[in-house]
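Novice: Quick one: the structure is below, and I'll ask about it shortly.
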Amino acid sequence: MNRITRLTLSALLSSTVLTAAAVATATAATHPETGEELAQDQTFTYRLLDNISSVDPQIVEDADGSDVVRDLFEGLLNQDADGELVPGVATDWDVSDDKMTYTFHLRDNAKWSNGDPVTAGDFVYAWRRAADPATASPYQWFISLMSLENGDEVVAGDMATDQLGVEAIDDHTLEVRLNTPLPYFPQMVVHSTTFPSPQKVIEEFGAEWTKPENIVGNGAYVLTQMNPGESIVREKNDQYWDAENVILEKSVALIINDENVALTRYQAGELDMTDIPAGQFPRLRDEYGEEAHSFPKLCNYYYTFNLSDSGPEAFKDPKVRQALSLAVDRDIIVNNVMAGGQPPAYTFTPEATAGFTPPEVEMASMTQAERDEKARTLLEEAGYGPDNPLSFEMVYNTSEAHEKVAVVLSQMWKQKLGVQAELANMEWKVFLDERGNQNFDMARGAWCGDYNEASTFLDLLQSESGYNDGKYNNPEYDQLLEDALTADDTTPLYTRAEEILTTEKPVIPIYHYAGVYMIDEDLKNFPVNNIQFNWYSKDLYKTAE
Amino acid sequence: MLIYVIRRLLVAIPTIALLVVASFLMMHLAPGGPFTSERPLPPEVLANIEAQYGLDQPLWKQLWDYFYNIVVHFDFGPSFVQKDRTVNDIIAQGFPISLTYGSLAFLAATIIGVVLGIAAAIRHNSWVDYFAVSIGIAAQALPNFIMGPILILTFTLWLGVLPGGGWNGGQWEYLVLPVIALSTSYMGSIARITRSSMLEVMNSNFIRTARAKGLPARAIIWRHAMKPTLLPVISYLGPVFVYVLTGSVFVDLYFSTGGLGQSFVSSALTRDYAVLLGVTILYGTLTVLVNLATDLAYAWFDPKIRY
């Protein structure tokens, strides 16, 4: 080996060593705030049950789809890990004295992924688009719910979309006018229906604009792959105004229909997060400790009585309804059937809902034996007993977990009260159809809050509500909710409304949902305290093992 | 022969049309619709959406428009549920996937099944026979919904050598498990049919004659016994080919392949009328074509059959 070769070799070697050292320092990055060592591969992989409805913010209608849309687009405001409002495209807002006009101030450095600036006009376009009958958005009603000025008229097609109460004062000032003061309005602009959409791109590509090769968004990520039935991939958007603080490079949703397969793939290290199948939480908690999570969710699970003319005569008597509710041992259902840390429900509205103080519920403080005793007395007073047994049919949509709950309920009623409840399960669409047409005696129901406020639940039982399938009708209750729309302090009104539900029992609350998930310990910052489960990939990061 | 093929294809058109009309009517008879949702849409919103998708028209008009768009524009319409995609998109994306692993599973089942069956028949009542028969029965007793979990537990969780699902553009690692899961039970049946068919053929008079005149065993098997042995296998393979392409719902769901079987089932549950009809037409056409191909293959294998 001559000298020159040796020199060249040593030079090569040392440069390799140097490069390796440089690479090592570059990758051993630490979190700017916590100082934790970050993983080299910043990819978050999670399980999705099914295909999502759309990635178009004005069209998307499912919660899983909204999770994706929140990464691809950014609205006026975001939520932090606790569900509190934090700036998004808007830095702050003013409210007029009559609380009917909101003025949002938009940041001037927000950009679309093609480099165009995000302006107030993009929001105006998007909101008009959502309201426009031609868009045929399934969330068109959200515009009415937001109480935008002329919203109902535009939605009905009686007024042009430019009459909608939203206006760009200049590129960075958005004015919103409402029909009525809505105390929780800022909460509503966290919803994907209100996200901006890129007019130029939509007009250029039409229905094809949401394809990965065409889509332009203003969120922290861009859509790079859409493989229905398989996966959805989004990668970091360098044009995002806060890109330098976004650590997670890639967010991947794997569509895995079977929750047990998903759990196996989690155990094999293919997923960072997956749902825990009903009943398996205690076992996984023992085996995996902190990786198994259970946290409250803004959803309820209940059975509704059919109080309309087609319903059984017996259910018209509040004593019967009370008795059936009392005899349900919720602890058995949450501890032995669901076993995922779900809180038992004694009120319709989950206790964790913001600004909601549950009324004193007598039943909650009684022992189950006392409840059973009272249930027997009430049912006897209503005229039902061994000689005249109460019997009815209860329907639920086909699902293993719902079936277990229904079987347990019917057994409790049978053993404690001698009541004959027949079970019937139905495929989802048939179930909705039958329940919607009051073709049932008692039916399962569940609801997840659209926003973190008690009215999202209580409204469902208003006599005019489209969701009030049991046709409960109480003028006082309706009036309370009507008043709450304009009240300064809504808490006592909601407490009173809930109190009416506890005495009249148009529904039997069973439990409130919990989010029950396996989350890899390397994944940090998943907002388990955000009761609406609104999470943003940009807030997550992975630490080195 | 050509005339026979043309005649069969012409008969196929009304058959498929009838299939479409029947599925269309049954679909609309089922309670609920694509826009039935937990929170019922306000009537004006629902009316608006239904108008956008043409669901406000009388049924005969909807059916007519549907045929018209297919025949004239080859457009199967938009999906009512997956709002970013048309039925053409869904089929174009899902069918190649189903076709890829379906064909592989079909090939694997046929080749291994036939080889096992022949080996068992030739070495009748030997350990080869017993071995092949036990494998065949075990495979048949393991439908894909049992194979799926076993495979994932073994190869993904325990050995950690293969991914538990996904497609990734059809890389081989992602193909192995779906193909095994889908092919095993068919492989078992093919092995059993081949074995019993071969045994029967080997005992028939013309084989005995061939033996008597001193033909070597190899010539007897390949030249004389093979074709008649395969006839019942062929008639079984036709439907199997359609099954592996269309009946792969479970594999699609279990291994997240993104194949078409999943769209078929979910479209029925979500009342995604357009997708359901589109996939029905595709499957119907496929069945008709495969049946025709089977019948033509018969003629080649059995000179007694003439069209």
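The way I read the labels, and the way they are meant: chains A, B, ... in the order of the structure tokens, residue 1 as the first residue of every chain, and ligand 1 as the first ligand shown, with later ones counted on from there.
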Could you tell me which residues of chain A sit within 8 Å of chain B when counting only C-alpha atoms, and give me the result as a ChimeraX atom specification?
Specialist: /A:51-56,59,133-134,136-138,140-141,155-156,207-208,210-211,227-231,254-258,261,264-265,267-268,270,427-430,432-433,466-467
Novice: Keeping only N, CA and C atoms, take the residues you just selected and write them out as a CSV table (one decimal), in the first residue's frame.
Specialist:
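And here's out.csv as it stands now:
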chain,number,residue,atom,x,y,z
A,51,ASN,N,-62.9,2.6,7.2
A,51,ASN,CA,-62.6,3.7,6.3
A,51,ASN,C,-63.3,4.9,6.8
A,52,ILE,N,-62.7,6.1,6.6
A,52,ILE,CA,-63.3,7.3,7.0
A,52,ILE,C,-64.2,7.9,5.9
A,53,SER,N,-65.2,8.8,6.3
A,53,SER,CA,-66.2,9.2,5.4
A,53,SER,C,-65.6,10.1,4.3
A,54,SER,N,-64.6,11.0,4.8
A,54,SER,CA,-64.1,12.0,3.8
A,54,SER,C,-62.9,12.7,4.5
A,55,VAL,N,-62.0,13.3,3.8
A,55,VAL,CA,-61.1,14.2,4.4
A,55,VAL,C,-61.4,15.7,4.0
A,56,ASP,N,-62.6,15.9,3.4
A,56,ASP,CA,-63.0,17.2,3.1
A,56,ASP,C,-63.7,17.8,4.4
A,59,ILE,N,-67.4,18.1,4.6
A,59,ILE,CA,-68.2,16.9,4.3
A,59,ILE,C,-68.0,15.8,5.4
A,133,PRO,N,-76.7,24.3,0.0
A,133,PRO,CA,-77.4,23.1,-0.3
A,133,PRO,C,-76.6,22.3,-1.5
A,134,ALA,N,-76.0,23.0,-2.4
A,134,ALA,CA,-75.3,22.4,-3.5
A,134,ALA,C,-74.1,21.5,-3.0
A,136,ALA,N,-74.3,19.7,-0.4
A,136,ALA,CA,-74.9,18.5,0.2
A,136,ALA,C,-74.1,17.9,1.3
A,137,SER,N,-73.7,18.8,2.2
A,137,SER,CA,-72.9,18.3,3.4
A,137,SER,C,-73.8,17.6,4.4
A,138,PRO,N,-73.5,16.4,4.9
A,138,PRO,CA,-74.3,15.9,6.0
A,138,PRO,C,-74.2,16.7,7.3
A,140,GLN,N,-74.4,20.0,7.2
A,140,GLN,CA,-75.0,21.3,6.9
A,140,GLN,C,-75.7,21.8,8.1
A,141,TRP,N,-76.3,20.9,8.9
A,141,TRP,CA,-77.1,21.4,10.1
A,141,TRP,C,-76.2,22.0,11.1
A,155,VAL,N,-79.4,27.4,4.7
A,155,VAL,CA,-79.4,26.0,4.7
A,155,VAL,C,-80.6,25.5,3.9
A,156,ALA,N,-81.8,26.1,4.1
A,156,ALA,CA,-83.0,25.7,3.4
A,156,ALA,C,-83.0,26.1,1.9
A,207,ALA,N,-64.6,17.4,-7.5
A,207,ALA,CA,-64.7,16.2,-6.6
A,207,ALA,C,-63.4,15.5,-6.3
A,208,GLU,N,-62.4,15.8,-7.2
A,208,GLU,CA,-61.1,15.1,-7.0
A,208,GLU,C,-60.1,15.8,-6.1
A,210,THR,N,-59.8,16.1,-3.0
A,210,THR,CA,-59.3,15.5,-1.8
A,210,THR,C,-58.3,14.3,-2.0
A,211,LYS,N,-58.0,14.0,-3.3
A,211,LYS,CA,-57.1,13.0,-3.5
A,211,LYS,C,-55.7,13.5,-3.1
A,227,ASN,N,-55.1,4.7,1.3
A,227,ASN,CA,-55.4,3.4,0.9
A,227,ASN,C,-56.6,2.8,1.6
A,228,PRO,N,-57.8,3.0,1.0
A,228,PRO,CA,-59.0,2.5,1.7
A,228,PRO,C,-58.9,1.0,2.1
A,229,GLY,N,-59.3,0.7,3.3
A,229,GLY,CA,-59.3,-0.6,3.8
A,229,GLY,C,-57.9,-1.0,4.3
A,230,GLU,N,-56.9,-0.1,4.1
A,230,GLU,CA,-55.6,-0.5,4.6
A,230,GLU,C,-55.0,0.6,5.4
A,231,SER,N,-54.7,1.8,4.9
A,231,SER,CA,-54.1,2.8,5.7
A,231,SER,C,-54.3,4.2,5.2
A,254,LEU,N,-53.8,2.7,10.6
A,254,LEU,CA,-54.0,1.4,9.9
A,254,LEU,C,-55.4,1.0,10.2
A,255,ILE,N,-56.1,0.6,9.1
A,255,ILE,CA,-57.5,0.3,9.2
A,255,ILE,C,-57.6,-1.2,9.5
A,256,ILE,N,-58.0,-1.5,10.8
A,256,ILE,CA,-58.0,-2.9,11.2
A,256,ILE,C,-59.4,-3.2,11.8
A,257,ASN,N,-60.2,-3.9,11.1
A,257,ASN,CA,-61.6,-4.1,11.5
A,257,ASN,C,-61.7,-4.8,12.8
A,258,ASP,N,-60.9,-5.8,13.0
A,258,ASP,CA,-61.1,-6.7,14.2
A,258,ASP,C,-60.3,-6.2,15.4
A,261,VAL,N,-57.4,-8.6,16.5
A,261,VAL,CA,-56.2,-8.6,15.5
A,261,VAL,C,-55.4,-7.3,15.8
A,264,THR,N,-53.3,-7.9,18.8
A,264,THR,CA,-52.2,-8.7,18.5
A,264,THR,C,-51.1,-7.9,17.8
A,265,ARG,N,-51.5,-7.1,16.9
A,265,ARG,CA,-50.5,-6.3,16.1
A,265,ARG,C,-49.9,-5.3,17.0
A,267,GLN,N,-49.3,-5.8,20.2
A,267,GLN,CA,-48.3,-6.6,21.0
A,267,GLN,C,-47.1,-6.9,20.1
A,268,ALA,N,-47.3,-7.1,18.8
A,268,ALA,CA,-46.2,-7.4,17.9
A,268,ALA,C,-45.4,-6.1,17.6
A,270,GLU,N,-46.5,-3.4,16.0
A,270,GLU,CA,-46.8,-2.7,14.7
A,270,GLU,C,-47.6,-1.4,15.0
A,427,GLU,N,-79.7,-5.2,12.9
A,427,GLU,CA,-78.6,-4.6,12.2
A,427,GLU,C,-78.8,-3.0,12.3
A,428,TRP,N,-77.6,-2.3,12.3
A,428,TRP,CA,-77.6,-0.9,12.6
A,428,TRP,C,-78.6,0.0,11.9
A,429,LYS,N,-78.7,-0.1,10.6
A,429,LYS,CA,-79.6,0.7,9.8
A,429,LYS,C,-81.1,0.4,10.1
A,430,VAL,N,-81.3,-0.9,10.3
A,430,VAL,CA,-82.7,-1.4,10.6
A,430,VAL,C,-83.1,-0.8,11.9
A,432,LEU,N,-81.9,1.8,13.5
A,432,LEU,CA,-82.2,3.3,13.5
A,432,LEU,C,-83.6,3.6,12.9
A,433,ASP,N,-83.9,2.8,11.9
A,433,ASP,CA,-85.2,3.0,11.2
A,433,ASP,C,-86.3,2.7,12.1
A,466,GLY,N,-84.8,15.8,16.9
A,466,GLY,CA,-84.9,14.7,15.9
A,466,GLY,C,-84.4,13.4,16.5
A,467,TYR,N,-83.7,13.5,17.6
A,467,TYR,CA,-83.1,12.3,18.2
A,467,TYR,C,-83.9,11.8,19.4
Novice: Write down as a PyMOL selection string the residues of region 20-230 of chain A whose backbone DSSP state falls under strand (DSSP E or B).
Specialist: chain A and resi 30+37-38+43-48+77-79+85-87+90-95+101-106+111+117+148+166-170+173-178+221-227
Novice: Give me, please, the distance in Å between CA of Val87 (chain B) and CA of Ala268 (chain B), quoted to one decimal.
Specialist: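 So the two atoms, CA of Val87 (chain B) and CA of Ala268 (chain B), lie 13.8 Å apart.
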Novice: Got a sec: who's within 7 Å of Gln420 (chain A), counting only C-alpha atoms, leaving out chain neighbours fewer than 4 positions off, as a list of chain:residue names?
Specialist: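 Counting only the stated atoms, we get A:Leu390, A:Ser391, A:Phe392, A:Lys414.
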Novice: Write the residues of the selection above to a file with N, CA and C atoms, as a tab-separated table (two decimals), in the first residue's frame.
Specialist:
chain	number	residue	atom	x	y	z
A	390	LEU	N	-95.20	-7.59	34.27
A	390	LEU	CA	-94.87	-6.61	33.23
A	390	LEU	C	-94.02	-7.32	32.19
A	391	SER	N	-94.35	-7.13	30.91
A	391	SER	CA	-93.47	-7.70	29.88
A	391	SER	C	-93.35	-6.72	28.73
A	392	PHE	N	-92.19	-6.68	28.13
A	392	PHE	CA	-91.95	-5.78	26.99
A	392	PHE	C	-90.76	-6.30	26.21
A	414	LYS	N	-85.72	-9.62	35.63
A	414	LYS	CA	-86.44	-10.86	35.82
A	414	LYS	C	-86.29	-11.34	37.28
Novice: Go through A:Tyr240, A:Asn78, A:Val154, A:Trp112 and flag the residue nearest Ala130 (chain A), using only C-alpha atoms for the distances.
Specialist: A:Val154
Novice: Between B:Pro96, B:Gly54, B:Gly170, B:Gly188, which residue has the minimum interatomic distance to Ile112 (chain B), considering only C-alpha atoms?
Specialist: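 Looking at the shortest contact to Ile112 (chain B), the residue is B:Gly188.
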Novice: Given only C-alpha atoms as the basis, pick out the residue of B:Leu289, B:Ile137, B:Ala297, B:Val20 nearest to Ile193 (chain B).
Specialist: B:Ile137
Novice: How would you write, as a PyMOL selection string, the set of residues in region 94-244 of chain B that DSSP gives as alpha helix (DSSP H)?
Specialist: chain B and resi 94-122+127-140+144-151+172-202+205-212+217-219+226-244
Novice: List as a PyMOL selection string the protein and nucleic acid residues near Leu2 (chain B), meaning an atom at most 12 Å away when only C-alpha atoms are counted, but skip any in the same chain fewer than 6 places from it.
Specialist: chain B and resi 8-9+296+306-307
Novice: Find the residues around Tyr186 (chain B) up to 10 Å (only C-alpha atoms counted), leave out those fewer than 6 positions away in its own chain, and share them as a compact mmCIF listing (two decimals) with N, CA, C and O atoms, in the first residue's frame.
Specialist:
# COMPACT_ATOMS: atom_id res chain seq x y z
N ALA B 105 -53.63 -17.41 -4.26
CA ALA B 105 -54.22 -18.44 -3.40
C ALA B 105 -54.79 -19.56 -4.25
O ALA B 105 -54.67 -20.74 -3.92
N PHE B 106 -55.40 -19.18 -5.37
CA PHE B 106 -55.99 -20.17 -6.27
C PHE B 106 -54.91 -21.10 -6.82
O PHE B 106 -55.05 -22.33 -6.80
N ALA B 108 -51.89 -21.63 -5.58
CA ALA B 108 -51.30 -22.43 -4.51
C ALA B 108 -52.22 -23.60 -4.16
O ALA B 108 -51.76 -24.76 -4.07
N ALA B 109 -53.51 -23.32 -4.01
CA ALA B 109 -54.45 -24.37 -3.63
C ALA B 109 -54.49 -25.45 -4.70
O ALA B 109 -54.49 -26.65 -4.41
N THR B 110 -54.51 -25.02 -5.97
CA THR B 110 -54.64 -26.00 -7.06
C THR B 110 -53.39 -26.85 -7.16
O THR B 110 -53.46 -28.08 -7.19
N GLY B 113 -52.79 -28.91 -3.96
CA GLY B 113 -53.90 -29.85 -3.79
C GLY B 113 -53.80 -31.00 -4.79
O GLY B 113 -53.91 -32.17 -4.41
N GLY B 136 -54.86 -32.95 4.03
CA GLY B 136 -56.05 -32.49 3.32
C GLY B 136 -57.21 -32.24 4.27
O GLY B 136 -57.88 -31.21 4.22
N ALA B 139 -56.50 -29.27 6.58
CA ALA B 139 -56.63 -28.00 5.86
C ALA B 139 -58.09 -27.65 5.63
O ALA B 139 -58.49 -26.50 5.75
N GLN B 140 -58.87 -28.68 5.34
CA GLN B 140 -60.28 -28.41 5.08
C GLN B 140 -61.01 -28.00 6.35
O GLN B 140 -61.98 -27.27 6.32
N LEU B 142 -59.86 -26.18 8.56
CA LEU B 142 -59.41 -24.87 9.02
C LEU B 142 -59.85 -23.79 8.05
O LEU B 142 -59.10 -23.40 7.17
N PRO B 143 -61.06 -23.30 8.20
CA PRO B 143 -61.51 -22.22 7.32
C PRO B 143 -60.68 -20.95 7.58
O PRO B 143 -60.00 -20.86 8.60
N ASN B 144 -60.75 -20.02 6.65
CA ASN B 144 -59.86 -18.85 6.74
C ASN B 144 -60.03 -18.04 8.02
O ASN B 144 -59.09 -17.45 8.51
N ARG B 192 -58.52 -33.85 -1.83
CA ARG B 192 -59.41 -35.00 -1.64
C ARG B 192 -60.13 -35.38 -2.92
O ARG B 192 -60.28 -36.56 -3.24
N TYR B 236 -64.83 -28.26 -10.00
CA TYR B 236 -64.77 -27.65 -8.67
C TYR B 236 -63.98 -26.34 -8.71
O TYR B 236 -64.30 -25.38 -8.00
N LEU B 237 -62.95 -26.28 -9.56
CA LEU B 237 -62.09 -25.09 -9.60
C LEU B 237 -62.82 -23.83 -10.07
O LEU B 237 -62.53 -22.74 -9.61
N VAL B 240 -64.44 -22.26 -7.23
CA VAL B 240 -63.41 -21.86 -6.27
C VAL B 240 -62.75 -20.56 -6.70
O VAL B 240 -62.50 -19.67 -5.88
N PHE B 241 -62.51 -20.43 -8.00
CA PHE B 241 -61.88 -19.20 -8.47
C PHE B 241 -62.75 -17.99 -8.14
O PHE B 241 -62.28 -16.96 -7.67
N TYR B 243 -64.96 -17.90 -5.74
CA TYR B 243 -64.96 -17.75 -4.28
C TYR B 243 -63.72 -17.01 -3.78
O TYR B 243 -63.81 -16.14 -2.93
N VAL B 244 -62.54 -17.40 -4.28
CA VAL B 244 -61.35 -16.77 -3.73
C VAL B 244 -61.31 -15.28 -4.07
O VAL B 244 -60.75 -14.48 -3.33
Novice: Write out as number ranges by chain which residues come within 12 Å of region 305-318 of chain A when counting only C-alpha atoms, dropping same-chain ones fewer than 5 positions away.
Specialist: A: 323-325, 375, 378-379, 381-384, 388-395, 419, 434-445, 461, 463, 468-474, 500-509
Novice: So the first atom is CA of Leu72 (chain A) and the second is CA of Trp535 (chain A); what is the distance between them in Å, to one decimal place?
Specialist: 12.5 Å
